[in-house]
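The next block is final05.cif, given as mmCIF, C-alpha atoms.
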data_entry
#
loop_
_atom_site.label_atom_id
_atom_site.label_comp_id
_atom_site.auth_asym_id
_atom_site.auth_seq_id
_atom_site.Cartn_x
_atom_site.Cartn_y
_atom_site.Cartn_z
CA MET A 12 147.34 -6.97 147.54
CA ILE A 13 150.78 -8.26 148.42
CA VAL A 14 151.94 -10.01 151.59
CA SER A 15 154.18 -7.16 152.73
CA GLU A 16 151.05 -5.04 153.24
CA ILE A 17 149.73 -7.30 155.98
CA MET A 18 152.86 -8.97 157.40
CA GLN A 19 154.06 -8.57 160.99
CA THR A 20 157.30 -6.65 161.16
CA THR A 21 157.93 -6.96 164.90
CA LEU A 22 159.84 -10.22 164.95
CA GLN A 23 161.13 -12.24 167.86
CA THR A 24 164.39 -13.98 167.12
CA ILE A 25 166.61 -16.49 168.87
CA THR A 26 169.96 -18.05 168.06
CA SER A 27 170.21 -21.77 167.30
CA ASP A 28 172.53 -22.53 170.23
CA LYS A 29 169.98 -21.63 172.92
CA SER A 30 168.08 -24.37 174.74
CA VAL A 31 164.50 -25.26 174.00
CA ALA A 32 163.70 -24.46 177.65
CA HIS A 33 165.09 -20.95 177.16
CA ALA A 34 163.09 -20.57 173.94
CA ALA A 35 159.92 -21.60 175.78
CA ASP A 36 160.54 -18.93 178.42
CA ARG A 37 161.18 -16.30 175.74
CA LEU A 38 158.01 -17.15 173.89
CA ASN A 39 156.05 -17.10 177.12
CA GLU A 40 157.46 -13.75 178.25
CA GLN A 41 156.92 -12.08 174.91
CA ARG A 42 153.58 -13.80 174.27
CA GLY A 43 154.76 -14.43 170.71
CA GLU A 44 153.47 -16.89 168.14
CA LEU A 45 156.90 -18.16 167.16
CA LEU A 46 160.59 -17.44 167.25
CA ILE A 47 162.70 -16.93 164.16
CA VAL A 48 166.07 -18.64 164.41
CA VAL A 49 168.81 -16.30 163.20
CA ASP A 50 172.55 -16.98 163.38
CA HIS A 51 174.95 -14.19 162.38
CA GLY A 52 172.18 -12.36 160.53
CA GLU A 53 171.15 -15.41 158.52
CA VAL A 54 167.72 -17.02 158.94
CA LYS A 55 168.15 -20.69 159.87
CA GLY A 56 164.57 -21.70 160.61
CA ILE A 57 161.54 -21.13 162.78
CA LEU A 58 160.58 -22.48 166.17
CA THR A 59 156.88 -22.84 166.88
CA PRO A 60 155.18 -23.67 170.19
CA ARG A 61 154.52 -27.11 168.70
CA ASP A 62 158.27 -27.62 168.08
CA ILE A 63 158.94 -26.60 171.67
CA PHE A 64 156.24 -28.89 173.00
CA THR A 65 157.54 -31.94 171.11
CA SER A 66 161.26 -31.44 171.88
CA HIS A 67 163.26 -32.20 175.01
CA PRO A 68 163.86 -28.92 176.92
CA ASN A 69 167.60 -29.64 177.05
CA ARG A 70 167.94 -29.76 173.27
CA ILE A 71 169.35 -26.80 171.47
CA VAL A 72 167.07 -24.77 169.22
CA ALA A 73 168.95 -26.09 166.14
CA ASP A 74 167.65 -29.57 166.99
CA ALA A 75 164.05 -28.52 167.51
CA MET A 76 163.44 -25.89 164.82
CA ASN A 77 161.83 -26.28 161.43
CA MET A 78 164.77 -25.84 159.08
CA ARG A 79 162.69 -25.37 155.97
CA PRO A 80 160.00 -22.81 156.75
CA LEU A 81 157.77 -21.64 153.94
CA CYS A 82 159.14 -18.35 152.59
CA PHE A 83 157.40 -15.82 150.38
CA SER A 84 158.88 -12.93 148.52
CA SER A 85 157.53 -9.65 149.94
CA ASP A 86 155.70 -8.95 146.67
CA GLN A 87 153.82 -12.30 146.64
CA MET A 88 150.07 -11.91 146.20
CA VAL A 89 148.12 -12.50 149.41
CA TRP A 90 145.65 -14.82 147.64
CA ASP A 91 148.43 -17.03 146.28
CA ALA A 92 150.23 -17.13 149.63
CA GLY A 93 146.97 -18.03 151.39
CA GLY A 94 146.24 -20.78 148.86
CA LEU A 95 149.70 -22.33 149.29
CA MET A 96 149.53 -22.20 153.08
CA GLU A 97 146.10 -23.78 153.07
CA GLU A 98 147.14 -26.47 150.61
CA HIS A 99 150.13 -27.50 152.73
CA GLY A 100 148.48 -26.90 156.11
CA ILE A 101 151.16 -24.37 157.09
CA GLU A 102 150.35 -21.83 159.80
CA GLN A 103 153.26 -19.37 159.47
CA ALA A 104 155.56 -18.23 156.69
CA LEU A 105 158.51 -15.89 156.50
CA ILE A 106 158.52 -12.90 154.19
CA MET A 107 161.82 -12.19 152.48
CA THR A 108 163.04 -9.20 150.49
CA GLY A 109 165.84 -10.77 148.53
CA ASP A 110 167.96 -12.52 151.17
CA GLN A 111 166.76 -10.27 153.97
CA LEU A 112 164.06 -11.21 156.45
CA ALA A 113 161.29 -8.66 156.13
CA GLY A 114 158.47 -10.08 158.23
CA LEU A 115 156.22 -12.90 159.21
CA ILE A 116 152.76 -13.84 158.07
CA THR A 117 150.24 -16.21 159.60
CA ARG A 118 147.58 -18.17 157.77
CA GLU A 119 145.02 -16.73 160.18
CA ALA A 120 145.97 -13.14 159.25
CA ILE A 121 145.71 -14.00 155.54
CA MET A 122 142.35 -15.69 155.97
CA ILE A 123 140.94 -12.72 157.91
CA LYS A 124 142.15 -10.36 155.18
CA LEU A 125 140.83 -12.54 152.38
CA ALA A 126 137.42 -12.79 154.05
CA GLU A 127 137.12 -9.02 153.59
CA PHE A 128 137.47 -9.54 149.84
CA LYS A 129 135.02 -12.42 149.54
CA ASP A 130 131.48 -12.13 148.30
CA PRO A 131 129.30 -13.81 150.94
CA LEU A 132 126.69 -14.99 148.41
CA THR A 133 129.00 -16.86 146.04
CA GLY A 134 132.21 -17.32 148.01
CA LEU A 135 134.07 -15.76 145.06
CA PHE A 136 136.42 -12.85 145.55
CA ARG A 137 135.03 -9.39 144.80
CA ALA A 138 136.27 -6.76 142.33
CA PRO A 139 139.34 -5.51 144.30
CA TYR A 140 140.81 -9.02 144.03
CA ILE A 141 140.66 -9.16 140.25
CA GLN A 142 141.79 -5.53 140.01
CA SER A 143 144.84 -6.31 142.10
CA ILE A 144 145.74 -9.29 139.90
CA ALA A 145 145.23 -7.37 136.67
CA GLU A 146 147.30 -4.42 137.89
CA ARG A 147 150.08 -6.73 138.94
CA TYR A 148 150.17 -8.43 135.53
CA LEU A 149 150.01 -5.08 133.75
CA SER A 150 152.84 -3.60 135.79
CA SER A 151 155.03 -6.64 135.23
CA LYS A 152 154.10 -6.69 131.51
CA VAL A 153 152.55 -10.16 131.61
CA PRO A 154 149.82 -10.43 128.93
CA PHE A 155 146.49 -12.02 129.85
CA HIS A 156 142.93 -12.55 128.69
CA LEU A 157 140.20 -10.57 130.42
CA LEU A 158 136.63 -11.84 130.14
CA PHE A 159 133.70 -9.72 131.26
CA ILE A 160 130.83 -12.12 131.86
CA ASP A 161 127.34 -10.67 132.11
CA LEU A 162 124.35 -12.95 132.72
CA ASN A 163 121.58 -12.60 130.12
CA ASN A 164 118.11 -11.51 131.22
CA PHE A 165 119.02 -11.48 134.88
CA GLY A 166 116.78 -8.47 135.61
CA GLN A 167 113.89 -10.36 134.09
CA ILE A 168 114.67 -13.48 136.18
CA ASN A 169 114.58 -11.34 139.32
CA LYS A 170 111.33 -9.70 138.30
CA GLN A 171 109.64 -12.91 137.26
CA TYR A 172 110.81 -15.28 140.01
CA GLY A 173 111.90 -12.95 142.82
CA HIS A 174 115.28 -11.94 144.18
CA PRO A 175 115.91 -15.07 146.29
CA PHE A 176 115.65 -17.14 143.11
CA GLY A 177 117.95 -14.62 141.38
CA ASP A 178 120.44 -15.19 144.19
CA ASP A 179 120.20 -18.94 143.61
CA VAL A 180 120.97 -18.42 139.93
CA ILE A 181 124.00 -16.26 140.78
CA ARG A 182 125.24 -18.82 143.30
CA GLU A 183 124.87 -21.76 140.94
CA PHE A 184 126.38 -19.91 137.98
CA SER A 185 129.37 -19.01 140.19
CA ALA A 186 129.81 -22.65 141.16
CA ILE A 187 129.78 -23.63 137.48
CA LEU A 188 132.34 -20.91 136.69
CA LEU A 189 134.57 -22.02 139.55
CA ALA A 190 134.40 -25.66 138.49
CA MET A 191 135.36 -24.66 134.94
CA MET A 192 138.47 -22.74 136.01
CA ASP A 193 141.98 -24.05 136.30
CA GLU A 194 143.66 -22.48 139.32
CA LYS A 195 147.04 -22.65 137.58
CA HIS A 196 146.17 -19.78 135.27
CA ASP A 197 142.65 -18.54 135.96
CA TYR A 198 141.34 -15.94 138.42
CA VAL A 199 137.66 -15.24 138.70
CA SER A 200 135.64 -12.74 140.71
CA ARG A 201 132.09 -11.55 141.11
CA TYR A 202 132.55 -8.05 139.80
CA ALA A 203 129.09 -6.66 140.56
CA GLY A 204 125.46 -7.90 140.57
CA ASP A 205 125.24 -10.45 137.76
CA GLU A 206 128.66 -9.62 136.31
CA PHE A 207 131.80 -11.68 136.69
CA VAL A 208 135.36 -11.02 135.54
CA LEU A 209 137.85 -13.71 134.62
CA ILE A 210 141.55 -13.13 134.11
CA SER A 211 143.51 -15.94 132.55
CA THR A 212 146.93 -16.65 131.14
CA ALA A 213 145.70 -19.88 129.52
CA GLU A 214 146.11 -20.68 125.81
CA GLU A 215 143.68 -19.00 123.44
CA GLU A 216 141.86 -22.27 122.59
CA GLN A 217 141.08 -22.67 126.27
CA ILE A 218 139.63 -19.16 126.42
CA VAL A 219 137.53 -19.80 123.32
CA SER A 220 136.12 -22.95 124.91
CA TYR A 221 135.35 -21.01 128.14
CA ILE A 222 133.44 -18.40 126.14
CA GLU A 223 131.51 -21.06 124.24
CA LEU A 224 130.54 -22.78 127.47
CA MET A 225 129.46 -19.53 129.14
CA GLU A 226 127.43 -18.33 126.17
CA LYS A 227 125.69 -21.66 125.77
CA PRO A 228 122.50 -21.84 127.88
CA ILE A 229 123.07 -23.86 131.05
CA ALA A 230 120.20 -25.41 133.01
CA ILE A 231 119.97 -23.86 136.46
CA ARG A 232 116.88 -25.16 138.26
CA HIS A 233 114.10 -24.86 135.67
CA MET A 234 115.80 -21.97 133.82
CA GLN A 235 118.19 -21.88 130.90
CA VAL A 236 120.84 -19.33 131.86
CA SER A 237 123.49 -17.97 129.53
CA ALA A 238 125.96 -15.12 129.62
CA ALA A 239 127.29 -12.53 127.21
CA VAL A 240 131.06 -12.42 127.28
CA GLY A 241 133.32 -9.53 126.33
CA HIS A 242 136.88 -10.66 125.65
CA VAL A 243 140.01 -8.50 125.65
CA ASN A 244 142.96 -10.51 124.43
CA GLY A 245 146.14 -9.10 125.94
CA TYR A 246 148.27 -11.20 123.59
CA LEU A 247 146.84 -9.53 120.50
CA GLU A 248 145.70 -6.11 121.70
CA PRO A 249 148.10 -3.39 120.56
CA ARG A 250 149.19 -1.09 123.40
CA PHE A 251 147.70 -3.55 125.91
CA PHE A 252 150.10 -2.47 128.66
CA SER A 253 149.22 1.19 128.26
CA TYR A 254 145.68 0.42 129.44
CA SER A 255 144.62 0.68 133.05
CA PHE A 256 142.44 -1.95 134.69
CA ARG A 257 139.52 0.46 134.40
CA ASP A 258 140.14 0.83 130.62
CA LEU A 259 140.20 -2.94 130.17
CA ILE A 260 136.97 -3.44 132.12
CA GLU A 261 135.34 -0.68 130.10
CA LYS A 262 136.47 -2.27 126.86
CA ALA A 263 135.40 -5.79 127.85
CA SER A 264 132.05 -4.69 129.29
CA LEU A 265 131.21 -2.78 126.08
CA LEU A 266 132.14 -5.87 124.07
CA SER A 267 129.85 -7.97 126.25
CA THR A 268 127.00 -5.48 125.66
CA LEU A 269 127.67 -5.77 121.92
CA THR A 270 127.51 -9.57 122.16
CA LYS A 271 124.25 -9.25 124.07
CA LYS A 272 122.77 -6.91 121.42
CA ARG A 273 123.98 -9.19 118.65
CA ALA A 274 122.31 -12.18 120.33
CA ILE A 275 119.04 -10.29 120.72
CA GLY A 276 119.31 -9.17 117.07
CA SER A 277 119.86 -12.70 115.90
CA VAL A 278 116.80 -13.89 117.84
CA THR A 279 114.43 -11.21 116.50
CA MET B 19 168.73 -34.33 222.15
CA ASP B 20 167.81 -30.67 222.22
CA MET B 21 168.55 -29.11 218.79
CA ASN B 22 168.65 -25.64 220.33
CA ASP B 23 171.54 -26.59 222.53
CA LYS B 24 174.60 -25.16 220.66
CA ASN B 25 176.97 -27.27 222.68
CA VAL B 26 175.54 -30.52 221.27
CA TYR B 27 174.34 -29.74 217.68
CA SER B 28 176.85 -29.64 214.81
CA ARG B 29 176.73 -29.89 210.97
CA LYS B 30 179.57 -31.44 209.05
CA ALA B 31 180.25 -32.24 205.41
CA THR B 32 182.50 -34.95 204.04
CA LEU B 33 184.01 -34.39 200.60
CA SER B 34 185.17 -37.11 198.30
CA LEU B 35 187.31 -36.13 195.29
CA LYS B 36 188.08 -38.39 192.35
CA ILE B 37 190.38 -37.11 189.62
CA SER B 38 190.98 -38.78 186.32
CA GLU B 39 192.12 -37.69 182.88
CA PHE B 40 189.45 -36.26 180.56
CA GLU B 41 189.35 -38.35 177.41
CA VAL B 42 189.35 -36.36 174.23
CA PRO B 43 187.06 -36.89 172.54
CA PRO B 44 184.69 -38.20 175.21
CA MET B 45 182.47 -39.95 172.66
CA GLN B 46 184.96 -42.60 171.48
CA ASP B 47 184.01 -43.95 168.03
CA LEU B 48 180.31 -43.44 167.69
CA LEU B 49 177.20 -41.97 169.25
CA ILE B 50 173.67 -43.11 168.52
CA VAL B 51 171.11 -40.38 169.15
CA GLY B 52 167.50 -41.29 170.02
CA LYS B 53 164.64 -39.30 168.52
CA ARG B 54 163.57 -37.82 171.87
CA ALA B 55 167.00 -37.72 173.48
CA PRO B 56 167.97 -34.70 175.57
CA ILE B 57 170.79 -33.98 173.10
CA GLY B 58 169.89 -33.65 169.44
CA PRO B 59 172.01 -34.44 166.37
CA GLU B 60 173.04 -30.84 165.73
CA ALA B 61 174.25 -30.40 169.31
CA VAL B 62 176.19 -33.67 169.00
CA ARG B 63 177.69 -32.55 165.70
CA ARG B 64 178.71 -29.16 167.12
CA MET B 65 180.21 -30.82 170.21
CA ALA B 66 182.25 -33.23 168.07
CA GLU B 67 183.33 -30.42 165.77
CA ALA B 68 184.45 -28.30 168.71
CA LEU B 69 186.35 -31.13 170.44
CA SER B 70 187.72 -32.99 167.42
CA PRO B 71 187.39 -30.85 164.32
CA GLU B 72 186.85 -32.69 161.01
CA GLN B 73 187.08 -36.11 162.67
CA PHE B 74 183.41 -37.08 162.89
CA THR B 75 180.51 -37.34 160.46
CA LEU B 76 176.85 -37.08 161.39
CA ILE B 77 174.49 -39.41 159.54
CA ARG B 78 170.79 -38.60 159.93
CA MET B 79 168.48 -41.62 159.98
CA ASP B 80 164.91 -42.25 158.96
CA HIS B 81 164.12 -44.63 161.81
CA PRO B 82 161.33 -44.88 164.40
CA LYS B 83 163.68 -44.57 167.40
CA ILE B 84 167.06 -43.36 166.11
CA GLU B 85 167.50 -39.81 164.82
CA ALA B 86 171.18 -39.84 163.89
CA VAL B 87 174.53 -41.57 164.27
CA LEU B 88 177.81 -39.75 164.79
CA LEU B 89 180.72 -41.75 163.39
CA ARG B 90 184.45 -41.35 163.48
CA ASN B 91 185.62 -40.63 159.94
CA THR B 92 188.39 -43.21 160.05
CA LEU B 93 185.79 -45.98 160.41
CA LEU B 94 184.16 -44.83 157.19
CA GLN B 95 187.52 -44.95 155.48
CA MET B 96 187.99 -48.58 156.47
CA LEU B 97 184.53 -49.94 155.78
CA ASP B 98 181.71 -49.15 153.40
CA GLU B 99 179.20 -46.77 155.07
CA LYS B 100 176.15 -48.90 154.23
CA LEU B 101 177.73 -52.08 155.57
CA LEU B 102 178.92 -50.34 158.74
CA MET B 103 175.55 -48.67 159.37
CA ASN B 104 173.66 -51.95 158.90
CA ILE B 105 175.76 -53.58 161.61
CA ILE B 106 175.48 -50.61 163.98
CA MET B 107 171.73 -50.32 163.51
CA GLU B 108 171.15 -54.02 163.94
CA GLU B 109 172.89 -53.98 167.31
CA ALA B 110 171.68 -50.56 168.50
CA GLU B 111 168.03 -51.25 167.67
CA ARG B 112 167.93 -54.04 170.25
CA MET B 113 168.84 -51.84 173.20
CA ILE B 114 168.10 -48.19 172.43
CA SER B 115 164.98 -46.30 173.45
CA ASP B 116 164.08 -43.05 171.69
CA SER B 117 165.17 -40.99 174.72
CA MET B 118 168.69 -42.43 174.94
CA VAL B 119 172.10 -41.48 173.56
CA LEU B 120 174.34 -44.52 173.23
CA ARG B 121 178.12 -44.30 173.18
CA SER B 122 180.05 -47.06 171.53
CA GLU B 123 183.57 -48.16 170.89
CA LEU B 124 184.08 -49.76 167.51
CA LYS B 125 187.39 -51.26 166.50
CA ILE B 126 188.03 -52.79 163.13
CA ALA B 127 190.76 -55.38 162.78
CA VAL B 128 191.43 -56.62 159.31
CA THR B 129 192.91 -60.10 159.00
CA VAL B 130 194.52 -60.92 155.70
CA GLN B 131 195.69 -64.28 154.53
CA ARG B 132 197.18 -64.58 151.10
CA GLU B 133 198.44 -67.42 149.07
CA VAL B 134 201.12 -66.81 146.50
CA ASP B 135 202.28 -68.98 143.68
CA LEU B 136 205.82 -70.15 144.17
CA SER B 137 206.57 -71.08 140.56
#

Write-out of the structure in structure tokens:
Amino acid sequence: MIVSEIMQTTLQTITSDKSVAHAADRLNEQRGELLIVVDHGEVKGILTPRDIFTSHPNRIVADAMNMRPLCFSSDQMVWDAGGLMEEHGIEQALIMTGDQLAGLITREAIMIKLAEFKDPLTGLFRAPYIQSIAERYLSSKVPFHLLFIDLNNFGQINKQYGHPFGDDVIREFSAILLAMMDEKHDYVSRYAGDEFVLISTAEEEQIVSYIELMEKPIAIRHMQVSAAVGHVNGYLEPRFFSYSFRDLIEKASLLSTLTKKRAIGSVT
Amino acid sequence: MDMNDKNVYSRKATLSLKISEFEVPPMQDLLIVGKRAPIGPEAVRRMAEALSPEQFTLIRMDHPKIEAVLLRNTLLQMLDEKLLMNIIMEEAERMISDSMVLRSELKIAVTVQREVDLS
């Protein structure tokens, strides 16, 4: 999902030569969240209620506005935009298409949208998140690694110890996965039940070490939990960009099943 | 006195008019703008640019009370900016509050004494 899908397009603008008192009246009348400062068609900054509150009413808007508002390209991913705004404690950002102002986005709107994509049990994003990232990489021809991570013997854990314990295992495994990831190049989601999908643009050695860590039994409570991982390497796979997200998931999930069978075979 | 009596009640106004020449520019050599002053640096810069184009420079400050200083360009041509600003700040800091705009006249007179060899 990209920011232009959820941005506000009804924008309230003001020129930089108006007084702060006038800006306050405008904001009040229009019940807006902020004013975008535009001179001769060019965006100069933004004026928030906080800027108005902390500036003398006689000042001109140019002396009260934020001259360097955060700007996103209209095709920026919502998750990335939300992360950046949260990291810098920024409440509003402008959306630009090239040099043109296209809209406005608030952190609150992003957070509400992102909550719809979050899995309440683990706090991880759900499948549409990872699908959106994969499709974006595929369409812009950026190769990546896709890992399909399937917990081993999860059905048995549920049967033996009950579903609440199964939920605990899922929650703790998710936390381990999240701690392992590097947000610079990794995206992880709870795909379904006990299955997770990781997309990464990290180096291959990094991916190999992820797989080793995931396949090695990890102690969660009194259990040893491991996962079977199916890996599709977009850097080596011929015709990688001709695949759809669905094809890649199918491929990776079958590979994870093979790994699982191989592990069972090696045990027996 | 009965106010309703039209024969007694009257209202008068006295006007006083003072006329003098408007100095251009009205800000002399420099303006020091406080952080919470009613006029901000950009307004000051635009005013100077409108009244005396290309004759003033705005220097933004990182200071607890002072937001910017508007300086006549000729002063910067005569003295090093850092040296000039140190002197201005030292003096302005003592009297400015963050809601004030100070106007100042600054004249530089250079005295030169040279000795030459007669041989």

Name every residue that the PyMOL selection byres ((chain A) within 10 of (chain B)) selects in this structure, writing the answer as a list in words with chains first and numbers rising.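 What the PyMOL selection byres ((chain A) within 10 of (chain B)) grabs from the file is Ser27, Asp28, Thr65, Ser66, His67, Pro68, Asn69, Arg70, Ile71, Val72, Ala73, Asp74 and Ala75 of chain A.
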
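Reported to one decimal place, the separation of atom CA of Val199 of chain A from atom CA of Arg118 of chain A is 21.7 Å.
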
Distance query Gly93 of chain A at most 7 Å, all atoms listed in the file, self and fewer than 2 positions along chain excluded, as number ranges by chain: A: 89-91, 95-97, 118, 121-122

Run the PyMOL selection byres ((chain A and resi 25) around 6) against the file shown and list the residues it catches, as a PyMOL selection string. chain A and resi 24+26+48

Explicit residues for the PyMOL selection byres ((chain A and resi 260) around 9) (as a ChimeraX atom specification): /A:157-159,208,243,255-259,261-265

Residues from last step as file, C-alpha atoms, as a JSON list (two decimals), in the frame of the given file:
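out-v6.json was written with the following content:
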[["chain", "number", "residue", "atom", "x", "y", "z"],
["A", 157, "LEU", "CA", 140.20, -10.57, 130.42],
["A", 158, "LEU", "CA", 136.63, -11.84, 130.14],
["A", 159, "PHE", "CA", 133.70, -9.72, 131.26],
["A", 208, "VAL", "CA", 135.36, -11.02, 135.54],
["A", 243, "VAL", "CA", 140.01, -8.50, 125.65],
["A", 255, "SER", "CA", 144.62, 0.68, 133.05],
["A", 256, "PHE", "CA", 142.44, -1.95, 134.69],
["A", 257, "ARG", "CA", 139.52, 0.46, 134.40],
["A", 258, "ASP", "CA", 140.14, 0.83, 130.62],
["A", 259, "LEU", "CA", 140.20, -2.94, 130.17],
["A", 261, "GLU", "CA", 135.34, -0.68, 130.10],
["A", 262, "LYS", "CA", 136.47, -2.27, 126.86],
["A", 263, "ALA", "CA", 135.40, -5.79, 127.85],
["A", 264, "SER", "CA", 132.05, -4.69, 129.29],
["A", 265, "LEU", "CA", 131.21, -2.78, 126.08]]

Ser122 of chain B surroundings by all atoms listed in the file, 8 Å radius, close-in-sequence under 5 positions cut, as a VMD selection string: chain B and resid 45 to 49

One residue among B:Ala66, B:Val87, B:Ala110, B:Val26 is nearest to Pro44 of chain B when using only C-alpha atoms, and that residue is B:Ala66

Min atom-atom distance to Val236 of chain A from the set A:Met191, A:Ala213, A:Ile168, A:Ile123, counting all atoms listed in the file, belongs to A:Ile168

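With only C-alpha atoms as the basis for measurement, B:Ile50 is the residue among B:Glu133, B:Pro71, B:Ile50, B:Lys36 that approaches Glu109 of chain B most closely.
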
Spatial neighbours of Glu111 of chain B, max dist 12 Å, only C-alpha atoms, sep filter under 4 positions, as a count of residues only: 17

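If you look at atom CA of Glu99 of chain B and atom CA of Ile77 of chain B, they are 9.8 Å away from each other.
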
Nearest to Phe74 of chain B, chosen from B:Val42, B:Val128, B:Leu88, B:Met96, with only C-alpha atoms counted in the distances: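 Looking at the shortest contact to Phe74 of chain B, the residue is B:Leu88.
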